[in-house]
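K.L.:
Provided herewith is a single structure, encoded as structure tokens, for subsequent inquiry.
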Amino acid sequence: MTTTMQEKICLITGGTNGIGKATALALAKMGATVVIVGRNATKTAQVVEEIRATSGNDKVDSLLADLSSQQEIRRLAAEFKSKYPALHVLLNNAGIMSFQRRQSVDGIEMMFALNHLGYFLLTNLLLDTLKASAPSRIINVASKTHASGKIDFDNLNGQGKSGMKIYGNTKLANVLFTLELARRLAGTGVTVNALHPGDVATGIGSSNGKVVAALYEFFGKFFLRTPEKGAETSIYLASSPEVEGITGQYYFDCKVKEPAPHAKDEAIARKLWDVSAEMVHLDQMPAPA
């Protein structure tokens, strides 16, 4: 990799395995200061040491947080700001796909809380730092499953819906959030893009128990992309000069791809923003004129 990320500070959620870990390693090899977010202190520390050793870059650090908890997201944002003077790349990558219905500590369906509201709240809390660090980039890991999603404002908790259906809904929310945020950030020097990483063998399904996780890992070796392959578009969007200034797009295999038509509905994107802001108790960010 010839791209340099010297002097760049990157924050990567879900950075202890899969796509996040592979992206963190690649950016560290480019010379970036890389901060990964994990939940388990022991595992996160081990990954930091592994990335440092493999990349030859000591500027790799970590922060701990459960990104399904709004309180912990707020603590994470405050801790990052206290430790780092700038933020040039925010990669929203952490997520789950759960067959079992669970609620977050805030009483919200777990996938919606983590996969969408986690992106939404953390990004908004770090926007002032991102703007002050411009040109800077926000990258939202979505999925092709957004095409099957629907934002039902009367049932955001997905009552009566299958886990896969709710997952698709959250990935649609990622793309809609990207669209609306790009409009709100116009002219700031901060860009935001979403991506589909491909069907990747990661730990995203590990919340479904050991048997499911083992089957997923076994069949993933034959039918799914490696995390390194799945991370290629995240790495590209984080580092490539080719995407400087490009915003509000959806990428697959390092190329702009047209998302599903309902993922471009500006009215739904605006309403989702407003509802999400209420759910996380966020002061409203003014919309562009």
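Identifiers in this document derive from the order of the structure tokens: chains are assigned A, B, ..., residues are numbered from 1 separately in each chain, and ligands are numbered from 1 in order of occurrence.
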Taking the chain letters and numbering used in this document, name the residues of region 23-230 of chain A that DSSP puts in helix (DSSP H, G or I), as JSON, numbers by chain.
P.N.:
{"A": [23, 24, 25, 26, 27, 28, 29, 41, 42, 43, 44, 45, 46, 47, 48, 49, 50, 51, 52, 53, 54, 55, 70, 71, 72, 73, 74, 75, 76, 77, 78, 79, 80, 81, 82, 83, 110, 111, 112, 113, 114, 115, 116, 117, 118, 119, 120, 121, 122, 123, 124, 125, 126, 127, 128, 129, 130, 131, 132, 144, 145, 146, 147, 148, 163, 164, 165, 166, 167, 168, 169, 170, 171, 172, 173, 174, 175, 176, 177, 178, 179, 180, 181, 182, 183, 184, 206, 207, 208, 210, 211, 212, 213, 214, 215, 216, 217, 218, 219, 220, 221, 222, 223, 227, 228, 229, 230]}
K.L.:
Return the single residue from A:Asn93, A:Asn115, A:Lys81, A:Gln71 that is closest to Ile36 (chain A), with distances computed using only C-alpha atoms.
P.N.:
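Closest candidate: A:Asn93.
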K.L.:
Please compute the CA of Ala32 (chain A)-CA of Glu7 (chain A) distance, one decimal, in Å.
P.N.:
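Distance reported for this atom pair: 6.3 Å.
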K.L.:
Out of region 58-190 of chain A, which residues get strand (DSSP E) from DSSP, as JSON, numbers by chain?
P.N.:
{"A": [60, 61, 62, 63, 64, 89, 90, 91, 92, 136, 137, 138, 139, 140, 141, 190]}
K.L.:
Can you work out which one of A:Asn140, A:Thr42, A:Asn174, A:Thr226 has the shortest atom-to-atom distance to Trp273 (chain A), counting only C-alpha atoms?
P.N.:
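Ranking A:Asn140, A:Thr42, A:Asn174, A:Thr226 by distance to Trp273 (chain A), first place goes to A:Asn174.
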K.L.:
Env of Gln159 (chain A): 10 Å cut, atoms = only C-alpha atoms, seq-sep filter 4 positions within chain, self excluded. Answer as a list of chain:residue names.
P.N.:
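Residues near the query, excluding close chain neighbours: A:Arg101, A:Glu109, A:Asp154, A:Asn155, A:Ile166.
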K.L.:
Let me make sure I understand: among A:Val37, A:Val243, A:Ala231, A:Ala45, which one has the smallest atom-to-atom distance to Val190 (chain A) if we use only C-alpha atoms?
P.N.:
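So, comparing all the options, the nearest one is A:Val243.
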K.L.:
Can I get the residues of region 67-102 of chain A within 7 Å of region 121-133 of chain A, each with the closest pair of atoms and their distance in Å to one decimal, using only C-alpha atoms, sorted chain first then ascending number, as a tab-separated table?
P.N.:
```
residue	atom	partner	partner_atom	distance
A:Ile73	CA	A:Leu122	CA	6.1
A:Ala77	CA	A:Leu125	CA	6.3
A:Ala86	CA	A:Ser133	CA	5.5
A:Leu87	CA	A:Leu130	CA	5.4
A:His88	CA	A:Ser133	CA	6.0
```
K.L.:
Restricting the output to C-alpha atoms, write the selected residues as a PDB file, in the first residue's frame.
P.N.:
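As a result, out37.pdb now contains:
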```pdb
ATOM      1  CA  ILE A  73     -21.446   6.092  23.704  1.00  0.00           C
ATOM      2  CA  ALA A  77     -17.047  10.345  22.757  1.00  0.00           C
ATOM      3  CA  ALA A  86      -8.417  15.699  16.017  1.00  0.00           C
ATOM      4  CA  LEU A  87     -10.388  13.053  14.131  1.00  0.00           C
ATOM      5  CA  HIS A  88      -9.859  12.527  10.419  1.00  0.00           C
TER       6      HIS A  88
END
```
K.L.:
Please compute the CA of Glu266 (chain A)-CA of Phe120 (chain A) distance, one decimal, in Å.
P.N.:
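Between CA of Glu266 (chain A) and CA of Phe120 (chain A) the gap works out to 16.7 Å.
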K.L.:
I'd like the contact shell of Ile268 (chain A) - 8 Å cut-off, only C-alpha atoms, skipping same-chain residues fewer than 3 positions apart - returned as a list of chain:residue names.
P.N.:
A:Ile151, A:Leu176, A:Asp265, A:Lys271, A:Leu272
K.L.:
Could you list, as JSON, numbers by chain, every residue within 12 Å of Glu258 (chain A), counting only C-alpha atoms and ignoring same-chain residues fewer than 2 positions away?
P.N.:
{"A": [144, 146, 147, 175, 194, 195, 196, 248, 249, 250, 251, 252, 255, 256, 260, 261, 262, 263, 264]}
K.L.:
Keeping only C-alpha atoms, write the selected residues to a file as a CSV table (one decimal), in the first residue's frame.
P.N.:
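That gives us out.csv:
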```csv
chain,number,residue,atom,x,y,z
A,144,LYS,CA,-26.9,-5.1,0.5
A,146,HIS,CA,-30.7,-2.7,3.1
A,147,ALA,CA,-32.7,-3.4,-0.1
A,175,VAL,CA,-27.9,4.3,4.1
A,194,ALA,CA,-21.8,4.1,3.1
A,195,LEU,CA,-20.7,0.7,1.8
A,196,HIS,CA,-21.6,-2.9,1.4
A,248,GLY,CA,-23.5,10.8,0.2
A,249,GLN,CA,-22.6,7.8,-1.9
A,250,TYR,CA,-23.0,4.0,-1.4
A,251,TYR,CA,-20.0,1.8,-2.4
A,252,PHE,CA,-19.3,-1.8,-3.2
A,255,LYS,CA,-16.9,1.7,-6.7
A,256,VAL,CA,-20.1,3.8,-6.4
A,260,ALA,CA,-32.2,0.5,-3.5
A,261,PRO,CA,-34.6,3.2,-4.6
A,262,HIS,CA,-36.2,3.5,-1.1
A,263,ALA,CA,-32.8,4.2,0.4
A,264,LYS,CA,-32.7,7.5,-1.5
```
